[in-house]
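This report concerns only the one structure given below.
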There are 2 protein chains.
Amino acid sequence: MREVEVTMGQIGGLRCRECSKEYDPSLRYVCEECFGPLDVFYDYDAIKVTPETFAPRDKTMWRYFELLPLSSLSSVVNLWQGFTPLHRSKRLAAKLGLRELYLKNDSVNPTFSFKDRPAGVGVSRALELELKAIGCASTGNLAAATAAHAAVAGLPCYVFIPVGLELPKVAQALTYGPRIVEVEGDYDDANRLAAQAADAFNIGVLNINLRPYYVEGSKTLAFEVAEQLGWEQPDHVIVPVGSGAMLHSICKGFEELRSVGLLDEIRVKVSAAQGQGCAPIVDAFKRGLNEVIPVENPDTVAKSLAIGEPGDGLYALKKVRKYNGYAEEASDKEIVDAIRLLAETEGIFTEPAGGVSVAVLKKMVDDGKIGRDEKVVCYITGNGLKTPEVVLESLPRPIVVKPDLEVLAPYITGR
Amino acid sequence: MREVEVTMGQIGGLRCRECSKEYDPSLRYVCEECFGPLDVFYDYDAIKVTPETFAPRDKTMWRYFELLPLSSLSSVVNLWQGFTPLHRSKRLAAKLGLRELYLKNDSVNPTFSFKDRPAGVGVSRALELELKAIGCASTGNLAAATAAHAAVAGLPCYVFIPVGLELPKVAQALTYGPRIVEVEGDYDDANRLAAQAADAFNIGVLNINLRPYYVEGSKTLAFEVAEQLGWEQPDHVIVPVGSGAMLHSICKGFEELRSVGLLDEIRVKVSAAQGQGCAPIVDAFKRGLNEVIPVENPDTVAKSLAIGEPGDGLYALKKVRKYNGYAEEASDKEIVDAIRLLAETEGIFTEPAGGVSVAVLKKMVDDGKIGRDEKVVCYITGNGLKTPEVVLESLPRPIVVKPDLEVLAPYITGR
């Protein structure tokens with residue numbers, strides 16, 4: 001990437017989300033006092049940025065360097081992620097009856113999901129913290145993003161997965177050359193072993209001990225939308241929710257743009273979308289609860305969102321309420337229909353998480369929760385090539401014909 | 001996309017590649033006089049462009065509008081394709097012993113291959129020619145690109161495929177909502193029926209009657225590389241070759257940049273890469289032939305390049321000779337190894353065609369056909385998620401462990 005002039009040292013440190021205790025920006029992720037999660041904060045007053053600061057830079061997420069938790073641009077492990085297209089929808093908008101709809105298309109990131117954003121920041125920060133290996137517990141998008149960034153950084157990588165996963169599902173991740181550790185147990189066992197390994201062997205596990213840095217990458221989903229709309233907020237964003245971390249980060253992104261003077265008072269509404277069968281945040285929202293009750297046996301076609309006990313669930317719920325959004329769920333059929341609707345109208349092929357966004361968008365427009373004049377952004381976070389089996393059964397079968405124009409004719413002319 | 005000020009009417013027309021007879025830019029693809037193929041030409045003297053012309057425009061291939069065969073910017077069917085990253089290689093370059101290696105990563109195009117470039121131009125031109133339907137004969141990347149663009153344009157789309165193809169292979173294309181016409185016969189039968197349908201029903205079939213416009217899209221692979229290198233030519237490009245059309249178009253792209261004054265005399269060497277088992281152009285090159293002898297039964301893991309009788313084969317061969325390149329082939333094992341090498345060093349997951357490029361690059365460096373100080377660009381034209389089965393068998397199996405740190409330890413520490 002082109003060299004960018006930056007002022008270093010804007011990272012203020014880590015701050016507990018619960019008790020506000022502050023720490024230096026080291027390899028630490030839980031508050032010593034209250035066990036709350038830690039977030040990165042910055043010296044916002046010291047960050048002097050204007051739209052012109054970013055304009056000449058490469059169109060990747062790294063253009064927002066001043067608001068990412070890195071000390072030096074030279075640490076960046078760059079796969080050219082981010083600054084993905086913000087499609088102005090014509091046909092889908094018309095079908096839904098919306099005046100101004102945008103689709104943020106993260107299916108074209110380097111490893112084909114939004115996870116390249118947090119993984120890129122996490123692995124870059126791992127280099128700054130002088131860690132000698134990288135890891136994650138994941139069965140999907142995060143595994144691929146982690147392994148690819150570790151490959152570019154030249155660091156060993158350990159991907160922890162539960163036993164019994166079909167190998168083709170991890171073919172992409174495996175190709176980047178990590179060690180895949182198949183743990184005899186379920187996802188929780190894999191996650192627990194990853195956490196233990198992080199401590200024992202000084203491995204930077206993205207979604208565990210590097211989590212405060214890692215989650216910062218997803219803020220760029222807010223930064224880019226604001227810049228792509230000409231440094232304006234949308235009226236409403238629809239965010240697919242698994243752990244809740246991405247939604248929380250997107251909100252932090254908008255808040256930080258305000259902190260550095262690039263946006264006025266936040267007025268964007270933030271809505272959460274989940275798959276029926278694993279919608280604990282939707283459930284809490286609808287029932288007006290102040291806790292997120294775990295789902296014992298997640299059952300949704302949107303497997304990348306199927307986190308029964310979402311780590312940031314309560315924080316995501318609070319943000320949805322704070323920003324006047326809604327939480328809504330989509331059934332498997334609605335998700336598959338939405339994947340097809342998006343492809344048929346906008347030429348974007350997404351995995352189920354993107355289908356959840358579009359299905360919930362449709363439902364909210366139908367229910368009047370989104371006004372037809374609202375400027376809406378729908379986040380499409382991953383690539384349909386990862387889950388072709390999800391749509392396959394629902395698709396119309398081919399027409400079978402002999403190689404003869406007369407046999408073909410009625411299918412074309414309808415006569 | 002943002003409105004761009006353009007001067008219209010630079011398309012000169014169509015010109016026969018053999019006898020130079022000229023035609024107006026209508027729906028025509030074969031010379032009436034000599035049956036040669038037709039190419040689009042422009043009024044190059046009338047095209048006033050400088051690097052500053054393009055700099056402020058959206059980072060898609062449409063930024064080169066003056067050199068694309070469209071009358072109006074409003075015809076553009078924009079999926080935000082092109083201006084894909086040009087990765088400056090670190091680890092792969094070091095492994096191969098090259099000083100300056102770049103990877104042009106078209107795996108992140110909207111339908112995940114370079115075909116979004118020609119398909120975008122072809123479908124946009126079909127709108128200008130007032131065609132009422134779109135089609136193609138394809139089993140892979142072109143099918144997806146065509147169907148997606150037809151979807152965004154709101155035009156019916158017919159994708160002709162030979163009978164017996166596995167449905168999961170066309171799941172992506174099917175999701176965009178085309179009619180898939182399964183022709184009882186082989187690929188040639190499907191292609192022939194598509195050609196007949198093009199004439200009979202006024203369908204714009206991208207790789208047949210829209211071909212002169214369609215192939216123009218691939219020129220942007222040259223335009224972008226030149227711009228991304230600061231309006232310089234590389235010393236050497238490695239191009240995967242199936243029909244030969246893309247290589248021919250890339251050369252036309254460099255030639256046109258010279259015609260409008262953006263490049264000096266062409267000095268880039270252009271080399272062709274094919275899979276062993278379907279390498280008729282390599283064969284002709286090595287044997288010094290002036291014809292391309294068809295391969296009866298193509299047999300290579302690089303199925304997207306497995307065209308036994310390449311339509312533009314002889315023209316591609318001539319360009320390789322004109323531009324002092326080489327033609328080289330890669331075995332299935334070399335292709336798979338190269339896919340893995342690219343992923344392990346650069347975090348780019350490609351389909352076999354990209355593996356062919358990298359494998360041939362490696363071979364040519366080893367053979368001294370590429371100098372270690374040459375500035376080399378290797379074209380990576382498609383996405384590995386389309387062909388996970390190709391690498392799967394070769395990948396190391398996971399380590400299986402109990403959820404116990406002591407069991408895991410030796411795998412991490414090596415002790």
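Labeling convention for the structure tokens: chains A, B, ... as they appear, residues from 1 per chain, ligands from 1 in order of appearance.
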message: Residues of chain A within 7 Å of chain B, counting only C-alpha atoms - could you list those as a PyMOL selection string?
response: chain A and resi 80+85+108-110+148-149+151-152+168+171-172+174-177+179-185+189-190+193+196-197+340+343-347+385-386+388+392+395+398-405
Selected residues, N, CA and C atoms, written as a compact mmCIF listing (two decimals), in the first residue's frame, please.
```
# COMPACT_ATOMS: atom_id res chain seq x y z
N TRP A 80 -5.73 -5.96 1.32
CA TRP A 80 -6.57 -5.06 0.51
C TRP A 80 -8.05 -5.23 0.84
N PRO A 85 -17.86 -2.28 -2.15
CA PRO A 85 -18.87 -1.42 -2.77
C PRO A 85 -20.10 -1.19 -1.89
N VAL A 108 -17.13 -9.49 -1.30
CA VAL A 108 -15.94 -9.38 -2.16
C VAL A 108 -14.68 -9.00 -1.39
N ASN A 109 -14.69 -9.20 -0.08
CA ASN A 109 -13.45 -9.03 0.66
C ASN A 109 -12.47 -10.14 0.29
N PRO A 110 -11.18 -9.99 0.63
CA PRO A 110 -10.18 -10.95 0.16
C PRO A 110 -10.43 -12.41 0.54
N ALA A 148 -5.54 -16.71 6.41
CA ALA A 148 -4.99 -15.93 5.31
C ALA A 148 -4.08 -14.82 5.81
N HIS A 149 -4.52 -14.13 6.87
CA HIS A 149 -3.68 -13.05 7.40
C HIS A 149 -2.41 -13.58 8.05
N ALA A 151 -0.89 -16.20 7.11
CA ALA A 151 -0.03 -16.59 5.98
C ALA A 151 0.74 -15.38 5.46
N VAL A 152 0.05 -14.27 5.26
CA VAL A 152 0.71 -13.07 4.73
C VAL A 152 1.72 -12.53 5.74
N PRO A 168 -14.67 -30.37 3.25
CA PRO A 168 -14.85 -29.34 2.21
C PRO A 168 -15.23 -27.97 2.78
N ALA A 171 -12.00 -26.29 3.43
CA ALA A 171 -10.99 -26.38 2.37
C ALA A 171 -10.32 -25.02 2.15
N GLN A 172 -11.12 -23.96 2.12
CA GLN A 172 -10.52 -22.64 1.91
C GLN A 172 -9.51 -22.32 3.02
N LEU A 174 -8.00 -24.27 5.11
CA LEU A 174 -6.86 -25.19 5.08
C LEU A 174 -5.84 -24.80 4.02
N THR A 175 -6.31 -24.26 2.91
CA THR A 175 -5.41 -23.96 1.80
C THR A 175 -4.40 -22.87 2.17
N TYR A 176 -4.78 -21.98 3.08
CA TYR A 176 -3.84 -20.93 3.51
C TYR A 176 -2.71 -21.49 4.39
N GLY A 177 -2.82 -22.79 4.74
CA GLY A 177 -1.70 -23.45 5.41
C GLY A 177 -1.64 -23.39 6.92
N ARG A 179 -2.34 -24.89 10.86
CA ARG A 179 -2.59 -26.18 11.48
C ARG A 179 -4.04 -26.16 11.94
N ILE A 180 -4.80 -27.14 11.50
CA ILE A 180 -6.18 -27.23 11.97
C ILE A 180 -6.20 -28.22 13.13
N VAL A 181 -6.69 -27.76 14.27
CA VAL A 181 -6.77 -28.60 15.46
C VAL A 181 -8.22 -29.00 15.67
N GLU A 182 -8.49 -30.28 15.44
CA GLU A 182 -9.85 -30.79 15.58
C GLU A 182 -10.00 -31.29 17.01
N VAL A 183 -10.87 -30.63 17.75
CA VAL A 183 -11.01 -30.92 19.17
C VAL A 183 -12.17 -31.90 19.39
N GLU A 184 -11.89 -32.97 20.10
CA GLU A 184 -12.94 -33.96 20.36
C GLU A 184 -13.93 -33.35 21.35
N GLY A 185 -14.99 -32.80 20.80
CA GLY A 185 -15.98 -32.12 21.63
C GLY A 185 -16.77 -31.19 20.73
N ASP A 189 -15.96 -26.62 23.53
CA ASP A 189 -14.70 -27.29 23.90
C ASP A 189 -13.54 -26.74 23.08
N ALA A 190 -13.80 -26.55 21.77
CA ALA A 190 -12.76 -26.02 20.88
C ALA A 190 -12.35 -24.62 21.34
N LEU A 193 -10.31 -24.78 24.63
CA LEU A 193 -8.92 -25.22 24.43
C LEU A 193 -8.11 -24.09 23.76
N GLN A 196 -7.15 -21.68 26.46
CA GLN A 196 -6.05 -22.20 27.28
C GLN A 196 -4.73 -22.13 26.53
N ALA A 197 -4.78 -22.46 25.24
CA ALA A 197 -3.56 -22.43 24.44
C ALA A 197 -3.04 -21.01 24.30
N ARG A 340 -32.17 -15.38 -2.64
CA ARG A 340 -32.53 -15.41 -4.06
C ARG A 340 -33.01 -14.04 -4.54
N ALA A 343 -30.00 -11.83 -5.13
CA ALA A 343 -29.27 -12.22 -6.35
C ALA A 343 -30.04 -11.82 -7.60
N GLU A 344 -31.35 -12.02 -7.56
CA GLU A 344 -32.18 -11.78 -8.76
C GLU A 344 -32.37 -10.30 -9.06
N THR A 345 -32.19 -9.45 -8.05
CA THR A 345 -32.42 -8.02 -8.28
C THR A 345 -31.13 -7.22 -8.32
N GLU A 346 -30.12 -7.68 -7.59
CA GLU A 346 -28.90 -6.87 -7.46
C GLU A 346 -27.64 -7.58 -7.91
N GLY A 347 -27.75 -8.88 -8.28
CA GLY A 347 -26.56 -9.60 -8.72
C GLY A 347 -25.55 -9.86 -7.62
N LEU A 385 -20.85 -18.41 -2.18
CA LEU A 385 -20.09 -19.59 -2.62
C LEU A 385 -19.70 -20.47 -1.43
N LYS A 386 -19.78 -19.91 -0.22
CA LYS A 386 -19.41 -20.71 0.95
C LYS A 386 -20.53 -21.67 1.34
N PRO A 388 -23.38 -23.02 -0.97
CA PRO A 388 -24.30 -23.23 -2.11
C PRO A 388 -25.43 -24.19 -1.78
N LEU A 392 -29.68 -24.49 -3.01
CA LEU A 392 -29.79 -25.42 -4.13
C LEU A 392 -31.16 -26.05 -4.28
N LEU A 395 -34.00 -23.92 -5.87
CA LEU A 395 -33.85 -23.31 -7.20
C LEU A 395 -34.64 -24.08 -8.26
N PRO A 398 -33.15 -26.90 -14.32
CA PRO A 398 -32.93 -26.51 -15.71
C PRO A 398 -34.03 -27.07 -16.63
N ILE A 399 -34.21 -26.42 -17.77
CA ILE A 399 -35.01 -26.96 -18.87
C ILE A 399 -34.09 -27.93 -19.62
N VAL A 400 -34.55 -29.12 -19.92
CA VAL A 400 -33.72 -30.05 -20.68
C VAL A 400 -34.26 -30.15 -22.10
N VAL A 401 -33.42 -29.88 -23.09
CA VAL A 401 -33.87 -29.91 -24.50
C VAL A 401 -32.88 -30.65 -25.37
N LYS A 402 -33.41 -31.16 -26.50
CA LYS A 402 -32.52 -31.69 -27.54
C LYS A 402 -31.85 -30.50 -28.24
N PRO A 403 -30.69 -30.71 -28.86
CA PRO A 403 -30.01 -29.59 -29.53
C PRO A 403 -30.73 -29.22 -30.82
N ASP A 404 -31.92 -28.67 -30.70
CA ASP A 404 -32.78 -28.45 -31.86
C ASP A 404 -33.58 -27.17 -31.58
N LEU A 405 -33.46 -26.23 -32.50
CA LEU A 405 -34.07 -24.91 -32.30
C LEU A 405 -35.59 -25.00 -32.12
```
Practice item. List every residue of region 205-414 of chain A that DSSP, applied to the backbone of this structure, assigns to strand (DSSP E or B), and report them as a PyMOL selection string. Key: chain A and resi 205+236-240+269-275+278+327-330+350+375-380+382-383+399-401
(Q) Would you compute the distance between CA of Gly308 (chain A) and CA of Pro294 (chain A)? Give it in Å to one decimal. (A)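 Separation of CA of Gly308 (chain A) and CA of Pro294 (chain A): 5.3 Å.
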The distance between CA of Leu361 (chain A) and CA of Ile281 (chain A) is 16.6 Å
List as a compact mmCIF listing (two decimals) with N, CA and C atoms, in the first residue's frame the protein and nucleic acid residues near Glu32 (chain A), meaning an atom at most 10 Å away when only C-alpha atoms are counted, but skip any in the same chain fewer than 5 places from it.
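Once everything was written out, this is out_39.txt:
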```txt
# COMPACT_ATOMS: atom_id res chain seq x y z
N CYS A 16 -12.41 -0.67 30.56
CA CYS A 16 -13.46 -1.65 30.86
C CYS A 16 -14.82 -1.08 30.49
N LYS A 21 -12.39 1.12 34.29
CA LYS A 21 -10.97 1.05 34.66
C LYS A 21 -10.14 0.99 33.39
N TYR A 23 -6.46 0.50 31.19
CA TYR A 23 -5.23 -0.30 31.12
C TYR A 23 -4.40 0.17 29.92
N PRO A 37 -15.60 -6.75 29.74
CA PRO A 37 -14.77 -6.74 28.54
C PRO A 37 -14.06 -5.40 28.39
```
| task | Enumerate the residues of region 74-244 of chain B with a DSSP assignment of helix (DSSP H, G or I), computed from the backbone, and present them as an MDAnalysis selection string. | result | chainID B and resid 74:75 91:96 106:108 116:128 141:153 167:175 187:201 211:228
To one decimal in Å, tell me the separation between CA of Asn141 (chain B) and CA of Asp58 (chain A).
->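 Taking CA of Asn141 (chain B) and CA of Asp58 (chain A), their separation equals 28.2 Å.
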Could you list, with a cut-off of 8 Å and counting only C-alpha atoms, the residues of region 326-404 of chain A near region 261-277 of chain A, each shown with its nearest atom pair and the distance in Å rounded to one decimal, rows sorted by chain and ascending number, as a Markdown table?
```
| residue | atom | partner | partner_atom | distance |
| --- | --- | --- | --- | --- |
| A:Tyr326 | CA | A:Ser271 | CA | 4.7 |
| A:Ala327 | CA | A:Ala272 | CA | 4.6 |
| A:Glu328 | CA | A:Ala273 | CA | 5.3 |
| A:Glu329 | CA | A:Gln274 | CA | 4.7 |
| A:Ala330 | CA | A:Gly275 | CA | 5.0 |
| A:Ser331 | CA | A:Gln276 | CA | 5.0 |
| A:Asp332 | CA | A:Gln276 | CA | 7.2 |
| A:Ile335 | CA | A:Gly275 | CA | 7.8 |
| A:Val356 | CA | A:Ala273 | CA | 6.2 |
| A:Ser357 | CA | A:Ala273 | CA | 5.8 |
| A:Val360 | CA | A:Ala273 | CA | 6.0 |
```
